[in-house]
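upload.cif (mmCIF, C-alpha atoms and all ligand atoms)
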data_data
#
loop_
_atom_site.label_atom_id
_atom_site.label_comp_id
_atom_site.auth_asym_id
_atom_site.auth_seq_id
_atom_site.Cartn_x
_atom_site.Cartn_y
_atom_site.Cartn_z
CA MET A 1 0.00 0.00 0.00
CA LEU A 2 2.49 2.62 1.11
CA ASN A 3 4.63 1.96 -1.95
CA ASN A 4 1.85 3.74 -3.89
CA LEU A 5 3.39 6.95 -2.58
CA GLN A 6 5.41 8.47 -5.40
CA GLN A 7 8.55 10.52 -4.91
CA GLN A 8 7.67 14.23 -4.62
CA PRO A 9 10.03 17.05 -5.57
CA ALA A 10 11.76 18.65 -2.59
CA ASP A 11 10.58 22.16 -1.73
CA ALA A 12 12.82 24.17 -4.06
CA LEU A 13 13.50 26.97 -1.62
CA LEU A 14 14.33 24.69 1.29
CA ALA A 15 16.64 22.68 -1.00
CA LEU A 16 18.43 25.95 -1.79
CA ILE A 17 19.38 26.38 1.90
CA LYS A 18 21.24 23.06 1.72
CA LEU A 19 23.04 23.97 -1.51
CA HIS A 20 24.08 27.31 -0.04
CA ASN A 21 25.41 25.66 3.13
CA GLU A 22 27.50 23.25 1.06
CA ASP A 23 29.05 26.01 -1.11
CA PRO A 24 32.64 26.64 0.15
CA ARG A 25 32.98 30.11 -1.49
CA ALA A 26 33.57 32.79 1.15
CA ASP A 27 31.80 35.49 -0.86
CA LYS A 28 28.60 33.50 -1.55
CA ILE A 29 25.35 35.45 -1.13
CA ASP A 30 22.13 33.89 0.20
CA LEU A 31 19.03 35.64 -1.17
CA GLY A 32 16.84 32.53 -0.91
CA VAL A 33 14.57 31.77 2.02
CA GLY A 34 12.54 34.67 3.44
CA VAL A 35 14.05 35.55 6.77
CA TYR A 36 15.24 38.99 7.83
CA ARG A 37 19.00 39.45 8.06
CA THR A 38 21.04 42.20 9.72
CA GLY A 39 23.84 44.01 7.91
CA ASP A 40 26.10 41.21 9.18
CA GLY A 41 23.91 38.51 7.64
CA ALA A 42 22.52 37.28 10.99
CA THR A 43 18.91 36.50 11.96
CA PRO A 44 19.12 37.17 15.70
CA VAL A 45 16.40 36.58 18.31
CA PHE A 46 14.76 39.97 19.04
CA ALA A 47 15.94 41.52 22.35
CA ALA A 48 12.25 42.04 23.23
CA ILE A 49 11.60 38.32 22.68
CA LYS A 50 14.62 37.35 24.81
CA GLN A 51 13.29 39.51 27.65
CA ALA A 52 9.75 38.15 27.25
CA GLU A 53 11.07 34.59 27.22
CA HIS A 54 12.98 35.27 30.40
CA LYS A 55 9.78 36.56 32.03
CA LEU A 56 7.89 33.53 30.70
CA HIS A 57 10.52 31.19 32.13
CA GLU A 58 10.25 32.88 35.53
CA THR A 59 6.45 33.05 35.73
CA GLN A 60 5.00 30.10 33.80
CA VAL A 61 3.61 27.63 36.32
CA SER A 62 2.12 24.99 34.01
CA LYS A 63 2.35 23.61 30.53
CA ALA A 64 -1.00 21.83 30.76
CA TYR A 65 -3.11 21.83 27.57
CA LEU A 66 -4.89 24.95 26.39
CA GLY A 67 -7.83 24.55 24.00
CA PRO A 68 -7.73 24.45 20.17
CA GLU A 69 -8.05 28.26 20.24
CA GLY A 70 -4.60 28.56 21.87
CA ASP A 71 -3.65 31.59 23.96
CA MET A 72 -6.57 34.00 23.64
CA GLY A 73 -4.62 36.68 25.52
CA PHE A 74 -2.19 36.64 22.57
CA VAL A 75 -5.03 36.62 20.00
CA HIS A 76 -6.69 39.65 21.64
CA ALA A 77 -3.46 41.57 22.35
CA LEU A 78 -2.70 41.62 18.62
CA MET A 79 -6.10 42.98 17.60
CA PRO A 80 -5.50 46.72 18.18
CA TRP A 81 -2.33 46.44 16.07
CA ILE A 82 -4.15 44.72 13.22
CA PHE A 83 -7.61 46.26 13.27
CA GLY A 84 -6.87 49.64 14.87
CA LYS A 85 -6.87 50.92 18.43
CA GLN A 86 -10.24 52.70 18.12
CA ASP A 87 -12.48 49.64 18.00
CA PRO A 88 -10.32 46.54 17.43
CA SER A 89 -13.24 44.10 17.41
CA MET A 90 -15.49 46.38 15.28
CA GLY A 91 -18.26 46.23 17.85
CA GLY A 92 -17.67 42.57 18.69
CA ARG A 93 -17.83 41.46 15.02
CA ILE A 94 -14.19 40.27 14.97
CA ASP A 95 -12.58 37.52 16.99
CA GLY A 96 -9.95 34.90 16.31
CA MET A 97 -7.86 31.97 17.44
CA GLN A 98 -4.17 31.13 17.56
CA THR A 99 -2.66 29.00 14.77
CA PRO A 100 0.70 27.32 14.07
CA GLY A 101 2.24 30.24 12.15
CA GLY A 102 0.78 32.17 9.26
CA THR A 103 0.70 28.92 7.30
CA GLY A 104 -1.71 27.44 9.85
CA ALA A 105 -3.74 30.64 9.64
CA VAL A 106 -3.99 30.52 5.83
CA ARG A 107 -4.85 26.82 6.00
CA LEU A 108 -7.58 27.39 8.59
CA ALA A 109 -8.99 30.47 6.85
CA LEU A 110 -9.30 28.57 3.58
CA ALA A 111 -10.77 25.51 5.33
CA LEU A 112 -13.33 27.76 7.05
CA ALA A 113 -14.21 29.36 3.71
CA LYS A 114 -14.71 25.89 2.25
CA ARG A 115 -16.90 24.80 5.18
CA ALA A 116 -18.98 27.93 4.69
CA GLY A 117 -19.62 26.97 1.04
CA VAL A 118 -16.86 28.77 -0.88
CA LYS A 119 -15.91 26.85 -4.03
CA ARG A 120 -13.35 29.07 -5.79
CA ILE A 121 -10.40 31.12 -4.61
CA TRP A 122 -9.24 34.09 -6.69
CA MET A 123 -5.62 35.01 -6.32
CA GLY A 124 -3.08 37.23 -8.08
CA THR A 125 -0.05 35.40 -9.42
CA PRO A 126 2.76 35.00 -8.76
CA SER A 127 2.04 34.44 -5.09
CA TRP A 128 3.62 32.65 -2.15
CA PRO A 129 3.73 29.10 -3.63
CA ASN A 130 2.10 27.57 -0.56
CA HIS A 131 -1.12 29.51 -1.24
CA ALA A 132 -1.85 27.44 -4.35
CA GLN A 133 -0.70 24.24 -2.62
CA ILE A 134 -3.13 24.74 0.25
CA VAL A 135 -5.99 25.65 -2.11
CA ALA A 136 -5.32 22.46 -4.10
CA ASP A 137 -4.94 20.30 -0.99
CA LEU A 138 -8.35 21.48 0.23
CA GLY A 139 -9.92 20.63 -3.13
CA LEU A 140 -10.86 24.24 -3.84
CA GLU A 141 -10.73 25.64 -7.37
CA LEU A 142 -8.04 28.26 -7.98
CA LYS A 143 -8.78 31.20 -10.29
CA THR A 144 -5.81 33.42 -11.02
CA PHE A 145 -5.17 36.89 -12.36
CA ALA A 146 -1.93 38.79 -12.97
CA HIS A 147 -0.77 40.52 -9.79
CA SER A 148 1.44 43.06 -11.52
CA THR A 149 2.17 44.56 -14.91
CA ALA A 150 5.37 44.44 -16.94
CA ASP A 151 6.14 47.95 -15.61
CA GLY A 152 6.45 46.58 -12.08
CA VAL A 153 3.26 48.08 -10.65
CA ALA A 154 0.11 46.41 -9.31
CA ASN A 155 -2.26 45.34 -12.08
CA MET A 156 -5.42 47.14 -10.99
CA ASP A 157 -7.38 46.18 -14.09
CA ALA A 158 -6.72 42.51 -13.34
CA VAL A 159 -7.69 42.60 -9.66
CA LEU A 160 -10.79 44.74 -10.26
CA GLY A 161 -11.76 42.48 -13.17
CA ALA A 162 -11.41 39.40 -10.95
CA ILE A 163 -13.48 40.96 -8.18
CA ALA A 164 -16.22 41.90 -10.67
CA GLU A 165 -16.24 38.42 -12.18
CA ALA A 166 -16.21 36.59 -8.83
CA GLY A 167 -19.49 35.00 -7.86
CA ALA A 168 -21.31 34.39 -4.61
CA ASP A 169 -19.41 31.15 -3.94
CA ASP A 170 -16.02 32.83 -4.33
CA ALA A 171 -13.35 34.26 -2.07
CA ILE A 172 -10.40 36.47 -3.01
CA LEU A 173 -7.04 36.09 -1.30
CA LEU A 174 -5.07 39.33 -1.04
CA HIS A 175 -1.67 40.06 0.52
CA GLY A 176 -2.17 42.82 3.10
CA CYS A 177 1.34 44.23 2.58
CA CYS A 178 4.88 43.33 1.46
CA HIS A 179 3.69 41.14 -1.41
CA ASN A 180 5.53 37.82 -1.65
CA PRO A 181 7.28 37.38 -4.10
CA THR A 182 7.06 40.67 -6.03
CA GLY A 183 7.30 43.38 -3.34
CA ILE A 184 4.63 45.19 -5.39
CA ASP A 185 1.88 46.40 -3.07
CA TYR A 186 -1.37 48.18 -3.76
CA SER A 187 -1.19 51.90 -2.98
CA ASN A 188 -3.70 53.35 -0.51
CA ALA A 189 -5.69 54.74 -3.46
CA ASP A 190 -5.67 51.23 -5.02
CA TRP A 191 -6.98 49.74 -1.75
CA ASP A 192 -9.80 52.31 -1.71
CA LYS A 193 -10.88 51.06 -5.14
CA ILE A 194 -10.44 47.40 -4.18
CA ALA A 195 -12.51 47.84 -1.01
CA ALA A 196 -15.34 49.50 -2.96
CA ALA A 197 -15.22 46.78 -5.63
CA ILE A 198 -15.34 43.97 -3.04
CA LYS A 199 -18.30 45.67 -1.38
CA ALA A 200 -20.11 45.88 -4.73
CA SER A 201 -19.35 42.29 -5.78
CA GLY A 202 -19.99 40.46 -2.51
CA VAL A 203 -16.89 38.25 -2.92
CA LEU A 204 -15.51 37.10 0.46
CA PRO A 205 -12.12 38.74 1.19
CA LEU A 206 -9.30 36.75 2.80
CA ILE A 207 -6.43 39.04 3.73
CA ASP A 208 -3.07 37.42 4.42
CA LEU A 209 -0.98 39.74 6.61
CA ALA A 210 2.36 38.01 7.15
CA TYR A 211 4.75 40.99 7.19
CA GLN A 212 3.03 43.79 9.12
CA GLY A 213 5.61 46.41 10.09
CA LEU A 214 8.20 45.32 7.52
CA GLY A 215 6.87 47.61 4.78
CA TYR A 216 6.20 51.15 5.97
CA GLY A 217 5.16 50.61 9.62
CA MET A 218 2.57 48.72 11.69
CA GLU A 219 -0.20 51.27 11.06
CA GLU A 220 0.72 51.97 7.44
CA ASP A 221 0.87 48.27 6.53
CA ALA A 222 -2.66 47.69 7.90
CA TYR A 223 -4.27 50.34 5.67
CA GLY A 224 -5.60 47.97 3.00
CA LEU A 225 -6.90 45.40 5.48
CA ARG A 226 -8.72 48.03 7.53
CA ARG A 227 -10.10 49.68 4.42
CA VAL A 228 -11.55 46.41 3.08
CA LEU A 229 -12.93 45.33 6.47
CA GLY A 230 -14.52 48.76 6.86
CA GLU A 231 -16.63 48.21 3.75
CA VAL A 232 -17.75 44.59 3.88
CA PRO A 233 -19.99 42.50 6.14
CA GLU A 234 -17.67 39.47 6.41
CA ALA A 235 -13.96 38.75 6.06
CA LEU A 236 -11.19 36.34 7.02
CA VAL A 237 -7.71 37.42 8.12
CA ALA A 238 -4.63 35.18 8.30
CA TYR A 239 -1.85 36.68 10.42
CA SER A 240 1.77 35.76 11.09
CA CYS A 241 4.07 37.00 13.87
CA ASP A 242 6.95 34.95 12.51
CA LYS A 243 8.56 37.85 10.63
CA ASN A 244 7.65 40.92 12.69
CA PHE A 245 8.73 39.21 15.95
CA GLY A 246 11.46 37.07 14.34
CA LEU A 247 9.87 33.85 15.63
CA TYR A 248 9.99 31.80 12.42
CA ARG A 249 10.52 28.31 13.84
CA ASP A 250 8.31 28.90 16.88
CA ARG A 251 5.27 29.07 14.51
CA VAL A 252 3.22 32.02 15.75
CA GLY A 253 0.06 33.08 13.95
CA ALA A 254 -3.65 33.74 14.27
CA VAL A 255 -6.76 33.59 12.16
CA TYR A 256 -9.59 36.10 12.57
CA VAL A 257 -13.18 36.12 11.34
CA MET A 258 -15.25 39.25 10.87
CA MET A 259 -18.98 38.56 10.79
CA ALA A 260 -21.92 40.75 9.76
CA ASP A 261 -23.33 40.45 13.27
CA ALA A 262 -21.45 40.01 16.56
CA ALA A 263 -23.90 37.25 17.53
CA GLN A 264 -22.54 35.07 14.67
CA VAL A 265 -18.87 35.14 15.73
CA ASN A 266 -18.88 32.24 18.19
CA ALA A 267 -20.60 29.87 15.74
CA ALA A 268 -18.06 30.69 13.01
CA LEU A 269 -15.10 30.25 15.34
CA SER A 270 -16.45 26.96 16.72
CA ASN A 271 -15.85 25.61 13.20
CA GLY A 272 -12.27 26.85 13.41
CA HIS A 273 -11.87 25.04 16.72
CA ALA A 274 -13.24 21.80 15.24
CA LEU A 275 -10.93 22.04 12.21
CA ALA A 276 -7.91 22.76 14.40
CA ARG A 277 -8.77 19.89 16.75
CA ALA A 278 -8.80 17.48 13.81
CA ALA A 279 -5.54 18.82 12.36
CA TRP A 280 -3.11 19.90 15.11
CA SER A 281 -5.34 19.87 18.21
CA MET A 282 -3.80 23.06 19.55
CA PRO A 283 -1.04 25.44 18.48
CA PRO A 284 2.44 25.55 20.06
CA ASP A 285 2.36 27.88 23.07
CA HIS A 286 5.82 29.31 23.61
CA GLY A 287 6.24 31.96 20.87
CA ALA A 288 2.69 33.27 21.19
CA ALA A 289 3.10 33.57 24.97
CA ALA A 290 6.28 35.62 24.38
CA VAL A 291 4.42 37.92 21.95
CA ARG A 292 1.59 38.35 24.48
CA ILE A 293 4.10 39.28 27.21
CA ILE A 294 5.61 41.93 24.92
CA LEU A 295 2.26 43.40 23.91
CA GLU A 296 1.10 43.62 27.54
CA ASP A 297 4.22 45.55 28.62
CA GLU A 298 4.80 49.13 27.48
CA ALA A 299 8.59 48.99 27.84
CA LEU A 300 8.81 45.74 25.87
CA VAL A 301 6.54 47.16 23.17
CA LYS A 302 8.98 50.05 22.81
CA THR A 303 11.97 47.67 22.55
CA TRP A 304 10.15 45.56 19.93
CA GLN A 305 9.07 48.63 17.93
CA ASP A 306 12.63 49.99 17.92
CA GLU A 307 13.90 46.64 16.60
CA LEU A 308 11.23 46.56 13.92
CA ASP A 309 12.06 50.17 12.92
CA GLN A 310 15.72 49.22 12.53
CA MET A 311 14.86 46.26 10.32
CA ARG A 312 12.63 48.37 8.12
CA GLU A 313 15.18 51.15 7.85
CA ARG A 314 17.90 48.72 6.83
CA MET A 315 15.71 47.27 4.10
CA LEU A 316 14.80 50.75 2.86
CA GLN A 317 18.54 51.55 2.71
CA VAL A 318 19.22 48.42 0.64
CA ARG A 319 16.27 49.27 -1.62
CA ALA A 320 17.54 52.81 -2.11
CA ARG A 321 20.90 51.40 -3.26
CA LEU A 322 19.18 48.92 -5.60
CA GLY A 323 16.92 51.60 -7.07
CA ALA A 324 19.87 53.94 -7.59
CA ALA A 325 21.71 51.25 -9.59
CA GLY A 326 19.30 51.91 -12.49
CA LYS A 327 19.85 49.75 -15.55
CA GLN A 328 22.72 47.26 -15.32
CA GLY A 329 23.17 44.71 -18.09
CA GLY A 330 19.67 43.62 -19.08
CA VAL A 331 17.98 44.47 -15.77
CA ASP A 332 16.47 47.74 -14.58
CA PHE A 333 16.79 47.87 -10.78
CA THR A 334 14.84 51.15 -10.52
CA PRO A 335 11.42 49.64 -9.54
CA MET A 336 13.03 47.64 -6.69
CA GLY A 337 13.83 50.96 -5.00
CA SER A 338 10.15 51.63 -4.36
CA GLN A 339 8.92 48.09 -3.77
CA SER A 340 8.09 46.94 -0.28
CA GLY A 341 9.07 44.32 2.29
CA LEU A 342 11.49 41.42 2.10
CA PHE A 343 11.08 40.49 -1.56
CA SER A 344 11.50 41.62 -5.14
CA ILE A 345 11.70 39.76 -8.41
CA VAL A 346 14.75 40.18 -10.61
CA PRO A 347 13.58 39.37 -14.13
CA LEU A 348 16.00 36.54 -14.93
CA THR A 349 15.51 33.34 -16.91
CA GLY A 350 16.00 29.92 -15.27
CA GLU A 351 19.44 29.66 -16.89
CA GLN A 352 20.44 33.08 -15.64
CA VAL A 353 19.36 32.16 -12.08
CA LEU A 354 21.52 29.04 -12.39
CA ALA A 355 24.46 31.08 -13.66
CA MET A 356 24.03 33.47 -10.71
CA ARG A 357 24.49 30.47 -8.43
CA GLU A 358 27.16 28.49 -10.28
CA LYS A 359 29.33 31.33 -11.55
CA HIS A 360 28.76 33.98 -8.88
CA GLY A 361 27.67 32.10 -5.73
CA VAL A 362 24.41 34.08 -5.54
CA TYR A 363 21.54 31.92 -4.30
CA MET A 364 18.03 33.02 -5.30
CA ALA A 365 14.69 31.30 -5.99
CA GLY A 366 14.12 29.90 -9.48
CA SER A 367 11.46 32.58 -10.05
CA GLY A 368 14.14 35.27 -9.72
CA ARG A 369 12.81 36.26 -6.29
CA ILE A 370 15.40 37.77 -3.97
CA ASN A 371 15.27 38.26 -0.23
CA VAL A 372 16.32 41.91 -0.13
CA ALA A 373 17.48 41.47 3.49
CA GLY A 374 20.19 39.10 2.22
CA LEU A 375 21.90 42.13 0.66
CA THR A 376 24.29 44.27 2.68
CA MET A 377 26.40 47.34 1.98
CA ASN A 378 29.30 44.87 1.56
CA ASN A 379 27.76 42.53 -1.03
CA ILE A 380 25.24 44.64 -2.94
CA ASP A 381 27.71 45.82 -5.59
CA GLN A 382 28.87 42.22 -6.11
CA PHE A 383 25.22 41.18 -6.56
CA ILE A 384 24.44 43.93 -9.07
CA ALA A 385 27.62 43.15 -11.02
CA ALA A 386 26.64 39.44 -11.13
CA VAL A 387 23.18 40.32 -12.52
CA ALA A 388 24.81 42.58 -15.11
CA ASP A 389 27.19 39.76 -16.05
CA VAL A 390 24.54 37.04 -16.52
CA THR A 391 22.24 39.36 -18.49
CA ALA A 392 24.93 41.03 -20.62
N1 LIG A 401 1.72 34.22 3.90
C1 LIG A 401 2.71 34.70 3.14
C2 LIG A 401 2.40 35.64 2.02
C3 LIG A 401 4.03 34.31 3.39
O1 LIG A 401 5.01 34.78 2.63
C4 LIG A 401 4.30 33.42 4.46
C5 LIG A 401 5.68 32.95 4.80
N2 LIG A 401 6.64 32.90 3.97
C6 LIG A 401 3.22 32.97 5.22
C7 LIG A 401 1.95 33.38 4.92
C8 LIG A 401 3.40 31.99 6.36
O2 LIG A 401 4.27 32.36 7.34
P1 LIG A 401 4.67 31.44 8.56
O3 LIG A 401 6.13 31.25 8.48
O4 LIG A 401 4.23 32.22 9.75
O5 LIG A 401 3.91 30.15 8.45
#
Mind converting the file's structure to structure tokens?
Ligand code: PMP
Amino acid sequence: MLNNLQQQPADALLALIKLHNEDPRADKIDLGVGVYRTGDGATPVFAAIKQAEHKLHETQVSKAYLGPEGDMGFVHALMPWIFGKQDPSMGGRIDGMQTPGGTGAVRLALALAKRAGVKRIWMGTPSWPNHAQIVADLGLELKTFAHSTADGVANMDAVLGAIAEAGADDAILLHGCCHNPTGIDYSNADWDKIAAAIKASGVLPLIDLAYQGLGYGMEEDAYGLRRVLGEVPEALVAYSCDKNFGLYRDRVGAVYVMMADAAQVNAALSNGHALARAAWSMPPDHGAAAVRIILEDEALVKTWQDELDQMRERMLQVRARLGAAGKQGGVDFTPMGSQSGLFSIVPLTGEQVLAMREKHGVYMAGSGRINVAGLTMNNIDQFIAAVADVTA
């Protein structure tokens, strides 16, 4: 029986980590997997997390089971940051539950949509590859549209066309900020149009917010999400703390539902609890508890915000250098200067990506996606020269 299981390709990006580790070249550059790196190439534990973990270590008296909803103190402490400090639950219409990372949140949001009767998911492409994998694994139909244009800006005609075409059984999955893999976000004016179009069409919005604070700031990066939720009766939100608290392997996320009526929230979430119970029973506690401790402590919030500001500023610095490089070889770096978050796409062919790796020791995804945080003031010129060389 089990020999019916056919060999599956390794996850390309995770395989790249291994290749990079095995490369003996001292000047190799890792622009593969999406983790933040300092100017020295490190991905350190946040000081705020270290302090929160210390407090957790000192005060935690039990590791007995929580429920499938996880740490609701964590889930609620995040809400003012996501939905706004004025009325974070929108009059009791929003509540959520903890999930294993943003991946668990996307999985649960899509499974909830399916349980509610959604048949098709609309999504701009390219997207985070796991989006399509999860949609397929759940047996949902994927409908795609082009996320961006050849000029490196968001394709508004495509997204508005998709929203208009979407039917009553459809949901649309949108990246709240720091689009993965393109770095091309909707402007605030774009979000205003998208929110109005979603309101008019009745399609169910699912906003994936995995990089809040890594684009322009915690408030700024929530603009689109808040704008859409302000217009519609119902929505799903998948959230990750793995980037903005640097907790990647601790798997910290949450899923939120917004209902038309506050009285409907518990029924909707009880489906989330049932789905979680059947999949992972309950989420891992540690990272979410550390986030809760930070968010409940003014001094720790300040430490965390300062660290997040530094990360963002470093990425803006790298982007400024990229943008200023202009056209080099066959690639125009200018649009990367104004893109947002960890990622951008360098328009290279598969062979050119391979040549970047083999000839120049530059590791990037096959799609040409780069993790901008892998660039430093010491290696950026080498990277640009390598691109110029392979595209000459
Ligand atoms: N959504 C998007 C758009 C992502 O890029 C990622 C992570 N790469 C996730 C969700 C999931 O993040 P996590 O590591 O928290 O599972």
The residue from A:Asp208, A:Glu358, A:Asp157, A:Asp332 with the smallest atom-to-atom distance to Ala388 of chain A, counting all atoms listed in the file, is A:Asp332
Nearest to Ile172 of chain A: which of A:Asp151, A:Glu220, A:Glu58, A:Glu141 is it, counting only C-alpha atoms?
-> A:Glu141
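The residue set within 8 Å of Pro284 of chain A, counting all atoms listed in the file and dropping same-chain residues fewer than 5 places from it, reads Gly70, Pro100, Asp250, Arg251 and Val252 of chain A.
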Which residue of A:Asn155, A:Ser270, A:Thr59, A:Gln51 approaches Ile194 of chain A most closely, using all atoms listed in the file |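 For Ile194 of chain A, the nearest of the given residues is A:Asn155.
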Could you give me, as a list of chain:residue names, the residues within 9 Å of Val33 of chain A, counting only C-alpha atoms and dropping anything in the same chain fewer than 3 positions from it?
->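 Answer for this query is A:Leu13, A:Leu14, A:Leu16, A:Ile17, A:Asp30, A:Met364, A:Ala365, A:Ile370, A:Asn371.
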What is the atom CA of Lys50 of chain A to atom CA of Asp309 of chain A distance in Å?
-> 17.7 Å
Give the residues close to ligand LIG 401 (chain A), within 9 Å, counting all atoms listed in the file; write them as a ChimeraX atom specification.
-> /A:33-35,100-106,127-131,174-181,208-211,238-243,247-253
Write a file of the just-selected residues containing C-alpha atoms, as an mmCIF file, in the coordinates of the input.
data_model
loop_
_atom_site.group_PDB
_atom_site.id
_atom_site.type_symbol
_atom_site.label_atom_id
_atom_site.label_comp_id
_atom_site.auth_asym_id
_atom_site.auth_seq_id
_atom_site.Cartn_x
_atom_site.Cartn_y
_atom_site.Cartn_z
ATOM 1 C CA VAL A 33 14.570 31.770 2.020
ATOM 2 C CA GLY A 34 12.540 34.670 3.440
ATOM 3 C CA VAL A 35 14.050 35.550 6.770
ATOM 4 C CA PRO A 100 0.700 27.320 14.070
ATOM 5 C CA GLY A 101 2.240 30.240 12.150
ATOM 6 C CA GLY A 102 0.780 32.170 9.260
ATOM 7 C CA THR A 103 0.700 28.920 7.300
ATOM 8 C CA GLY A 104 -1.710 27.440 9.850
ATOM 9 C CA ALA A 105 -3.740 30.640 9.640
ATOM 10 C CA VAL A 106 -3.990 30.520 5.830
ATOM 11 C CA SER A 127 2.040 34.440 -5.090
ATOM 12 C CA TRP A 128 3.620 32.650 -2.150
ATOM 13 C CA PRO A 129 3.730 29.100 -3.630
ATOM 14 C CA ASN A 130 2.100 27.570 -0.560
ATOM 15 C CA HIS A 131 -1.120 29.510 -1.240
ATOM 16 C CA LEU A 174 -5.070 39.330 -1.040
ATOM 17 C CA HIS A 175 -1.670 40.060 0.520
ATOM 18 C CA GLY A 176 -2.170 42.820 3.100
ATOM 19 C CA CYS A 177 1.340 44.230 2.580
ATOM 20 C CA CYS A 178 4.880 43.330 1.460
ATOM 21 C CA HIS A 179 3.690 41.140 -1.410
ATOM 22 C CA ASN A 180 5.530 37.820 -1.650
ATOM 23 C CA PRO A 181 7.280 37.380 -4.100
ATOM 24 C CA ASP A 208 -3.070 37.420 4.420
ATOM 25 C CA LEU A 209 -0.980 39.740 6.610
ATOM 26 C CA ALA A 210 2.360 38.010 7.150
ATOM 27 C CA TYR A 211 4.750 40.990 7.190
ATOM 28 C CA ALA A 238 -4.630 35.180 8.300
ATOM 29 C CA TYR A 239 -1.850 36.680 10.420
ATOM 30 C CA SER A 240 1.770 35.760 11.090
ATOM 31 C CA CYS A 241 4.070 37.000 13.870
ATOM 32 C CA ASP A 242 6.950 34.950 12.510
ATOM 33 C CA LYS A 243 8.560 37.850 10.630
ATOM 34 C CA LEU A 247 9.870 33.850 15.630
ATOM 35 C CA TYR A 248 9.990 31.800 12.420
ATOM 36 C CA ARG A 249 10.520 28.310 13.840
ATOM 37 C CA ASP A 250 8.310 28.900 16.880
ATOM 38 C CA ARG A 251 5.270 29.070 14.510
ATOM 39 C CA VAL A 252 3.220 32.020 15.750
ATOM 40 C CA GLY A 253 0.060 33.080 13.950
#
Measure the distance from atom CA of Val372 of chain A to atom CA of Arg321 of chain A in Å and round it to one decimal.
->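 Calculated distance between atom CA of Val372 of chain A and atom CA of Arg321 of chain A is 11.0 Å.
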If you count all atoms listed in the file, which residues fall within 12 Å of Ala196 of chain A, apart from same-chain ones fewer than 5 positions away, as a list in words?
->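 That gives Leu160, Ile163, Ala164, Ala189, Asp190, Trp191, Ser201, Gly202, Val203, Pro205, Gly224, Arg227, Val228, Leu229, Gly230, Glu231 and Val232 of chain A.
Closest approach to Arg319 of chain A among A:Lys63, A:Leu348, A:Ile380, A:His273: A:Ile380, based on only C-alpha atoms.
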Leaving out Ala113 of chain A and any residue of its chain fewer than 5 positions from it, which residues lie within 9 Å of it when counting only C-alpha atoms, given as a VMD selection string?
-> chain A and resid 108 118 to 119 170 to 171 204 206 236
Using all atoms of segment 157-175 of chain A listed in the file and a margin of 6 Å per side, can you give the axis-aligned box centre and edge lengths in Å to one decimal, as AutoDock Vina command-line options?
--center_x -11.5 --center_y 38.7 --center_z -6.8 --size_x 31.6 --size_y 27.0 --size_z 26.6
What lies within 12 Å of Pro88 of chain A using all atoms listed in the file, ignoring chain neighbours under 3 positions off, as a ChimeraX atom specification?
-> /A:75-85,91-96,226,229-230,256,258
Taken to one decimal, the atom CA of Pro44 of chain A-atom CA of Ala290 of chain A distance is 15.6 Å
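Residues with at least one atom no more than 12 Å from (20.7, 30.2, -18.0), using all atoms listed in the file, are A:Leu348, A:Thr349, A:Gly350, A:Glu351, A:Gln352, A:Val353, A:Leu354, A:Ala355, A:Met356, A:Arg357, A:Glu358, A:Lys359, A:Gly366, A:Gly368, A:Val387, A:Asp389, A:Val390, A:Thr391, A:Ala392.
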Okay, now the selection with C-alpha atoms, as a short mmCIF file (atom, residue, chain, number, x, y, z; two decimals), in the coordinates of the input?
data_model
loop_
_atom_site.label_atom_id
_atom_site.label_comp_id
_atom_site.auth_asym_id
_atom_site.auth_seq_id
_atom_site.Cartn_x
_atom_site.Cartn_y
_atom_site.Cartn_z
CA LEU A 348 16.00 36.54 -14.93
CA THR A 349 15.51 33.34 -16.91
CA GLY A 350 16.00 29.92 -15.27
CA GLU A 351 19.44 29.66 -16.89
CA GLN A 352 20.44 33.08 -15.64
CA VAL A 353 19.36 32.16 -12.08
CA LEU A 354 21.52 29.04 -12.39
CA ALA A 355 24.46 31.08 -13.66
CA MET A 356 24.03 33.47 -10.71
CA ARG A 357 24.49 30.47 -8.43
CA GLU A 358 27.16 28.49 -10.28
CA LYS A 359 29.33 31.33 -11.55
CA GLY A 366 14.12 29.90 -9.48
CA GLY A 368 14.14 35.27 -9.72
CA VAL A 387 23.18 40.32 -12.52
CA ASP A 389 27.19 39.76 -16.05
CA VAL A 390 24.54 37.04 -16.52
CA THR A 391 22.24 39.36 -18.49
CA ALA A 392 24.93 41.03 -20.62
#
Can you work out which one of A:Tyr186, A:His147, A:Val301, A:Phe245 has the shortest atom-to-atom distance to Thr43 of chain A, counting all atoms listed in the file?
-> A:Phe245
From the list A:Ala15, A:Ala10, A:Val346, A:Ala26, which residue is nearest Gly361 of chain A when using only C-alpha atoms?
->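 Looking at the shortest contact to Gly361 of chain A, the residue is A:Ala26.
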